[in-house]
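Colleague: Dropping in work-v8.txt, which is compact mmCIF, C-alpha atoms:
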# COMPACT_ATOMS: atom_id res chain seq x y z
CA MET A 1 132.08 7.80 231.98
CA SER A 2 133.82 4.81 233.47
CA THR A 3 136.91 3.24 231.99
CA SER A 4 135.05 -0.01 231.30
CA ASN A 5 132.39 1.80 229.25
CA THR A 6 135.05 3.64 227.22
CA GLU A 7 136.87 0.40 226.45
CA SER A 8 133.59 -1.27 225.53
CA GLN A 9 132.69 1.48 223.05
CA ARG A 10 136.18 1.38 221.59
CA GLY A 11 135.92 -2.38 221.11
CA GLN A 12 132.52 -2.04 219.44
CA LYS A 13 133.89 0.61 217.09
CA GLN A 14 136.82 -1.60 216.10
CA ALA A 15 134.47 -4.52 215.52
CA VAL A 16 132.29 -2.39 213.22
CA GLU A 17 135.38 -1.25 211.28
CA ARG A 18 136.50 -4.86 210.84
CA ILE A 19 133.05 -5.84 209.57
CA LYS A 20 133.08 -2.95 207.09
CA SER A 21 136.57 -3.94 205.95
CA VAL A 22 135.50 -7.53 205.34
CA ALA A 23 132.33 -6.41 203.60
CA THR A 24 134.15 -4.05 201.22
CA LYS A 25 137.17 -6.24 200.56
CA ARG A 26 136.91 -7.94 197.20
CA MET A 27 138.54 -11.10 195.93
CA TRP A 28 139.23 -10.29 192.31
CA THR A 29 138.89 -13.07 189.76
CA LYS A 30 141.22 -13.55 186.80
CA GLN A 31 138.46 -12.39 184.49
CA GLU A 32 137.94 -9.21 186.49
CA ASP A 33 141.65 -8.50 186.63
CA ALA A 34 141.96 -9.01 182.89
CA ALA A 35 139.07 -6.60 182.28
CA LEU A 36 140.62 -4.02 184.61
CA ILE A 37 143.99 -4.27 182.85
CA GLU A 38 142.31 -3.90 179.46
CA CYS A 39 140.50 -0.76 180.61
CA LEU A 40 143.70 0.69 182.08
CA HIS A 41 145.38 0.06 178.74
CA ILE A 42 142.71 2.12 177.01
CA LEU A 43 143.10 5.00 179.47
CA ALA A 44 146.90 4.90 179.18
CA GLU A 45 146.64 5.44 175.44
CA ASP A 46 144.06 8.23 175.79
CA SER A 47 145.67 11.68 176.03
CA HIS A 48 142.58 12.94 177.87
CA TRP A 49 143.22 10.65 180.85
CA LYS A 50 146.99 10.39 180.76
CA GLY A 51 148.54 12.48 183.53
CA ASP A 52 152.07 13.27 184.65
CA ASN A 53 154.47 11.00 186.51
CA ARG A 54 152.79 7.76 185.40
CA THR A 55 149.40 8.75 186.81
CA PHE A 56 145.90 9.35 185.48
CA ARG A 57 143.90 12.51 185.69
CA SER A 58 141.26 13.11 188.33
CA GLY A 59 138.01 11.27 187.68
CA TYR A 60 139.56 8.24 186.01
CA LEU A 61 138.25 5.87 188.73
CA SER A 62 134.64 6.78 187.99
CA TYR A 63 135.30 6.30 184.29
CA LEU A 64 136.88 2.90 184.99
CA GLU A 65 133.80 1.94 186.96
CA LYS A 66 131.61 2.67 183.93
CA MET A 67 133.93 0.77 181.60
CA LEU A 68 133.97 -2.29 183.87
CA GLY A 69 130.20 -2.04 184.26
CA THR A 70 129.94 -2.44 180.49
CA LYS A 71 132.38 -5.35 180.31
CA LEU A 72 131.18 -7.07 183.51
CA PRO A 73 127.58 -5.97 184.04
CA THR A 74 126.92 -8.35 186.92
CA SER A 75 130.14 -7.75 188.87
CA GLN A 76 128.97 -4.60 190.70
CA ILE A 77 132.55 -3.35 190.89
CA ARG A 78 132.73 0.22 192.23
CA ALA A 79 135.42 2.86 192.05
CA ASN A 80 135.55 2.81 195.82
CA PRO A 81 136.18 0.59 197.64
CA HIS A 82 137.06 -1.84 194.84
CA ILE A 83 138.92 -0.29 191.88
CA GLU A 84 141.10 2.24 193.69
CA PRO A 85 142.83 -0.20 196.10
CA ARG A 86 143.22 -2.76 193.30
CA VAL A 87 144.98 -0.28 191.02
CA LYS A 88 147.22 0.83 193.90
CA LEU A 89 148.15 -2.78 194.64
CA LEU A 90 148.97 -3.55 191.00
CA LYS A 91 151.09 -0.42 190.72
CA ARG A 92 152.90 -1.14 193.98
CA GLN A 93 153.71 -4.70 192.89
CA TYR A 94 154.81 -3.53 189.44
CA ASN A 95 157.14 -0.91 190.94
CA ALA A 96 158.62 -3.46 193.34
CA LEU A 97 159.33 -5.93 190.52
CA SER A 98 160.77 -3.21 188.27
CA GLU A 99 163.10 -2.05 191.03
CA MET A 100 164.41 -5.57 191.56
CA PHE A 101 165.03 -6.05 187.84
CA ASN A 102 166.69 -2.66 187.38
CA ILE A 103 168.95 -2.31 190.42
CA GLY A 104 168.80 -5.69 192.15
CA SER A 105 171.21 -8.58 191.75
CA GLY A 106 170.42 -12.28 191.59
CA PHE A 107 166.83 -11.86 190.35
CA GLY A 108 165.40 -13.61 187.33
CA TRP A 109 162.12 -14.03 185.48
CA ASN A 110 160.33 -17.26 184.60
CA GLU A 111 158.66 -16.39 181.31
CA GLU A 112 156.59 -19.56 181.25
CA GLU A 113 155.20 -19.14 184.77
CA LYS A 114 155.32 -15.32 184.62
CA CYS A 115 156.92 -14.98 188.02
CA LEU A 116 159.98 -13.57 189.76
CA THR A 117 162.74 -16.05 190.59
CA ALA A 118 165.54 -15.63 193.09
CA PRO A 119 167.38 -17.60 195.77
CA LYS A 120 165.50 -17.35 199.06
CA THR A 121 168.44 -15.75 200.87
CA VAL A 122 168.80 -13.08 198.17
CA PHE A 123 165.10 -12.31 198.21
CA ASP A 124 164.88 -12.21 202.01
CA ASP A 125 167.80 -9.78 202.18
CA TRP A 126 166.10 -7.56 199.61
CA VAL A 127 162.78 -7.54 201.46
CA LYS A 128 164.50 -6.29 204.62
CA SER A 129 165.04 -2.92 202.96
CA HIS A 130 162.17 -3.19 200.41
CA PRO A 131 159.12 -4.43 202.32
CA THR A 132 156.76 -3.79 199.38
CA ALA A 133 158.38 -6.75 197.59
CA ALA A 134 157.27 -9.22 200.27
CA GLY A 135 155.42 -12.20 198.83
CA LEU A 136 156.40 -11.60 195.19
CA ARG A 137 158.96 -14.41 194.93
CA ASN A 138 157.64 -17.24 192.73
CA LYS A 139 154.21 -15.57 192.71
CA PRO A 140 152.52 -15.58 189.27
CA PHE A 141 152.24 -12.06 187.88
CA PRO A 142 150.69 -12.57 184.43
CA PHE A 143 149.99 -8.89 183.79
CA PHE A 144 153.51 -7.53 184.27
CA ASP A 145 154.12 -6.93 180.56
CA ASP A 146 150.79 -5.11 180.34
CA LEU A 147 151.60 -2.95 183.34
CA VAL A 148 154.87 -1.94 181.68
CA GLN A 149 152.73 -0.22 179.08
CA ILE A 150 150.42 1.30 181.70
CA PHE A 151 152.76 2.36 184.52
CA GLY A 152 156.12 2.30 182.75
CA LYS A 153 158.28 5.41 182.46
CA GLU A 154 157.23 5.69 178.84
CA ARG A 155 153.69 4.63 177.92
CA ALA A 156 154.80 3.41 174.52
CA THR A 157 155.73 0.26 172.66
CA GLY A 158 159.09 -0.66 171.23
CA THR A 159 162.37 0.18 172.91
CA ALA A 160 160.71 2.50 175.41
CA ALA A 161 158.87 -0.39 177.07
CA GLU A 162 160.71 -3.43 178.41
CA THR A 163 159.06 -6.66 179.42
CA ALA A 164 160.30 -8.51 182.49
CA ALA A 165 162.28 -10.93 180.31
CA ASP A 166 163.81 -8.01 178.37
CA ALA A 167 164.79 -6.25 181.60
CA VAL A 168 166.65 -9.30 182.92
CA GLU A 169 168.31 -9.96 179.55
CA ASN A 170 169.36 -6.34 179.10
CA LEU A 171 170.73 -6.24 182.65
CA ASP A 172 172.98 -9.22 181.85
CA ALA A 173 174.01 -7.57 178.58
CA GLU A 174 174.89 -4.34 180.38
CA ASP A 175 177.08 -6.28 182.82
CA ASN A 176 178.94 -7.95 179.95
CA THR A 177 179.33 -4.63 178.11
CA PHE A 178 180.74 -3.04 181.24
CA LEU A 179 183.29 -5.83 181.65
CA ASP A 180 184.28 -5.60 177.97
CA ALA A 181 184.70 -1.85 178.34
CA LEU A 182 187.00 -2.36 181.33
CA ASP A 183 189.15 -4.81 179.35
CA ALA A 184 189.31 -2.41 176.40
CA GLU A 185 190.20 0.49 178.66
CA GLU A 186 193.06 -1.48 180.25
CA GLY A 187 194.37 -2.30 176.77
CA VAL A 188 194.24 1.36 175.72
CA LYS A 189 196.01 2.42 178.90
CA ASP A 190 198.82 -0.10 178.27
CA SER A 191 199.18 1.08 174.68
CA GLU A 192 199.16 4.74 175.71
CA SER A 193 201.80 4.04 178.37
CA ARG A 194 204.09 2.47 175.81
CA ASP A 195 203.51 5.34 173.39
CA GLU A 196 204.15 7.91 176.10
CA VAL A 197 207.45 6.23 177.06
CA GLY A 198 208.57 6.17 173.45
CA ALA A 199 207.53 9.78 172.89
CA SER A 200 209.33 10.89 176.05
CA THR A 201 212.52 9.12 175.00
CA CYS A 202 212.44 10.67 171.53
CA GLN A 203 211.69 14.10 172.97
CA ALA A 204 214.59 13.76 175.41
CA SER A 205 216.94 12.80 172.58
CA ASP A 206 215.82 15.79 170.49
CA VAL A 207 216.28 18.20 173.41
CA ALA A 208 219.73 16.91 174.23
CA ALA A 209 220.82 16.90 170.60
CA THR A 210 219.57 20.46 170.09
CA ALA A 211 221.39 21.61 173.20
CA MET A 212 224.61 20.01 171.95
CA ARG A 213 224.32 21.59 168.51
CA LYS A 214 223.76 25.02 170.01
CA ASP A 215 226.65 24.58 172.40
CA VAL A 216 229.01 23.36 169.68
CA SER A 217 228.00 26.01 167.17
CA SER A 218 228.51 28.78 169.73
CA LYS A 219 232.21 27.88 170.00
CA LYS A 220 234.92 27.93 167.42
CA ARG A 221 236.04 24.41 166.75
CA PRO A 222 239.74 24.04 167.70
CA ARG A 223 242.06 22.01 165.56
CA GLY A 224 244.37 19.12 166.32
CA ASP A 225 244.37 17.42 169.71
CA ASP A 226 242.58 20.35 171.28
CA GLY A 227 239.72 19.91 168.81
CA LEU A 228 239.44 16.19 169.53
CA SER A 229 239.40 16.83 173.28
CA ALA A 230 236.68 19.45 172.86
CA PHE A 231 234.62 17.07 170.74
CA VAL A 232 234.92 14.29 173.35
CA GLU A 233 233.92 16.79 176.03
CA GLU A 234 230.80 17.76 174.07
CA ILE A 235 229.87 14.09 173.65
CA GLY A 236 230.13 13.68 177.43
CA LYS A 237 227.87 16.69 177.97
CA PHE A 238 225.33 15.26 175.54
CA SER A 239 225.31 11.89 177.33
CA ALA A 240 224.89 13.55 180.70
CA ALA A 241 222.06 15.77 179.41
CA TYR A 242 220.32 12.77 177.84
CA ARG A 243 220.51 10.71 181.05
CA GLU A 244 219.21 13.60 183.11
CA THR A 245 216.31 14.24 180.75
CA THR A 246 215.25 10.59 180.52
Rewrite the structure of this file - the entire thing - as structure tokens.
Modeller:
Amino acid sequence: MSTSNTESQRGQKQAVERIKSVATKRMWTKQEDAALIECLHILAEDSHWKGDNRTFRSGYLSYLEKMLGTKLPTSQIRANPHIEPRVKLLKRQYNALSEMFNIGSGFGWNEEEKCLTAPKTVFDDWVKSHPTAAGLRNKPFPFFDDLVQIFGKERATGTAAETAADAVENLDAEDNTFLDALDAEEGVKDSESRDEVGASTCQASDVAATAMRKDVSSKKRPRGDDGLSAFVEEIGKFSAAYRETT
């Protein structure tokens, strides 16, 4: 077979694949997305479908197809090639946003517009090492709070599930708490240093005084000028011992 024929067949194959891709690609409407999120909510609360590591058990796509068929009977949405890539996209975007809120710096959340906010330079730097976040800046993401319940670490309400606004607010609170803890720690260290100096000085005085008492008591106190000289000598020893200890 000639090279030209091989290239021609390869080009035809690629053209067919592009046509199939266009034919199967679906532009989801807001109504369809809302119905999908609602169905995912139901599955997330059902112990039969809830799997490990924020996943669903095998067969959940077919079940989602039936649920959406009931809610949107004319949509003709299928598990493949419609539901599966849509769920993967939503999860990927949710994970990217969560990562920025949890470990990123300079990111915020517009609660009214339901979108991620950040200076362009900050976001561009982040995307360099996190390509899945591309395109999420200032892009409306109205279902983020719902996806917290569906894909979050804990599929529960209350403190186990944080909304985007909560995540940003708690991140700021953690920063302030950390700074307060540093200030408190510095204060404790200063206080402990002063206490340790005082304790060391007192301990040194006690040691020196004890040594002097033992030394004096071990000798018979002389009388007269000899006794006074001995006493002065002992005082000198005490002073020297105290200075050495301190």
Colleague: Could you give me, as a short mmCIF file (atom, residue, chain, number, x, y, z; two decimals) with C-alpha atoms, in the frame of the given file, the residues within 9 Å of segment 29-32 of chain A, counting only C-alpha atoms and dropping anything in the same chain fewer than 6 positions from it?
Modeller:
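Result went into out10.cif, see below:
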data_model
loop_
_atom_site.label_atom_id
_atom_site.label_comp_id
_atom_site.auth_asym_id
_atom_site.auth_seq_id
_atom_site.Cartn_x
_atom_site.Cartn_y
_atom_site.Cartn_z
CA LEU A 68 133.97 -2.29 183.87
CA LEU A 72 131.18 -7.07 183.51
CA SER A 75 130.14 -7.75 188.87
#
Colleague: Within 8 Å of Arg137 of chain A, counting only C-alpha atoms, which residues qualify if same-chain residues fewer than 5 places away don't, as a short mmCIF file (atom, residue, chain, number, x, y, z; two decimals) with C-alpha atoms, keeping the file's coordinate frame?
Modeller:
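Wrote it out as around-v3.cif, contents follow:
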data_model
loop_
_atom_site.label_atom_id
_atom_site.label_comp_id
_atom_site.auth_asym_id
_atom_site.auth_seq_id
_atom_site.Cartn_x
_atom_site.Cartn_y
_atom_site.Cartn_z
CA CYS A 115 156.92 -14.98 188.02
CA LEU A 116 159.98 -13.57 189.76
CA THR A 117 162.74 -16.05 190.59
CA ALA A 118 165.54 -15.63 193.09
CA PHE A 123 165.10 -12.31 198.21
#
Colleague: Just checking: using only C-alpha atoms, which residue out of A:Met27, A:Leu40, A:Leu136, A:Ala35 ends up closest to Asn95 of chain A?
Modeller: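 Distance minimum relative to Asn95 of chain A lands on A:Leu136.
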Colleague: For Ala134 of chain A, which residue among A:Ala96, A:Leu61, A:Leu36, A:Val87 is the nearest when counting all atoms listed in the file?
Modeller: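 Using all atoms listed in the file, the shortest distance to Ala134 of chain A belongs to A:Ala96.
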Colleague: Please indicate the distance in Å from atom CA of Gly106 of chain A to atom CA of Phe143 of chain A, rounded to one decimal place.
Modeller: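 Spanning atom CA of Gly106 of chain A to atom CA of Phe143 of chain A is a straight-line distance of 22.1 Å.
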Colleague: Restricting the calculation to all atoms listed in the file: of A:Thr74, A:Ser47, A:Thr132, A:Asn138, which residue gets closest to Lys91 of chain A?
Modeller: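 Selected residue with least distance to Lys91 of chain A: A:Thr132.
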Colleague: Do a neighbour search on Tyr94 of chain A at 10 Å with all atoms listed in the file, toss out local chain neighbours closer than 6 positions, and write the hits as an NGL selection string.
Modeller: :A and (88 or 133 or 141 or 143-145 or 147-148 or 151-152)
Colleague: Could you state the separation of atom CA of Pro131 of chain A and atom CA of Lys25 of chain A in Å, given to one decimal place?
Modeller: 22.1 Å
Colleague: Kindly give the distance, in Å, that separates atom CA of Ile77 of chain A and atom CA of Leu90 of chain A, rounded to a single decimal.
Modeller: 16.4 Å
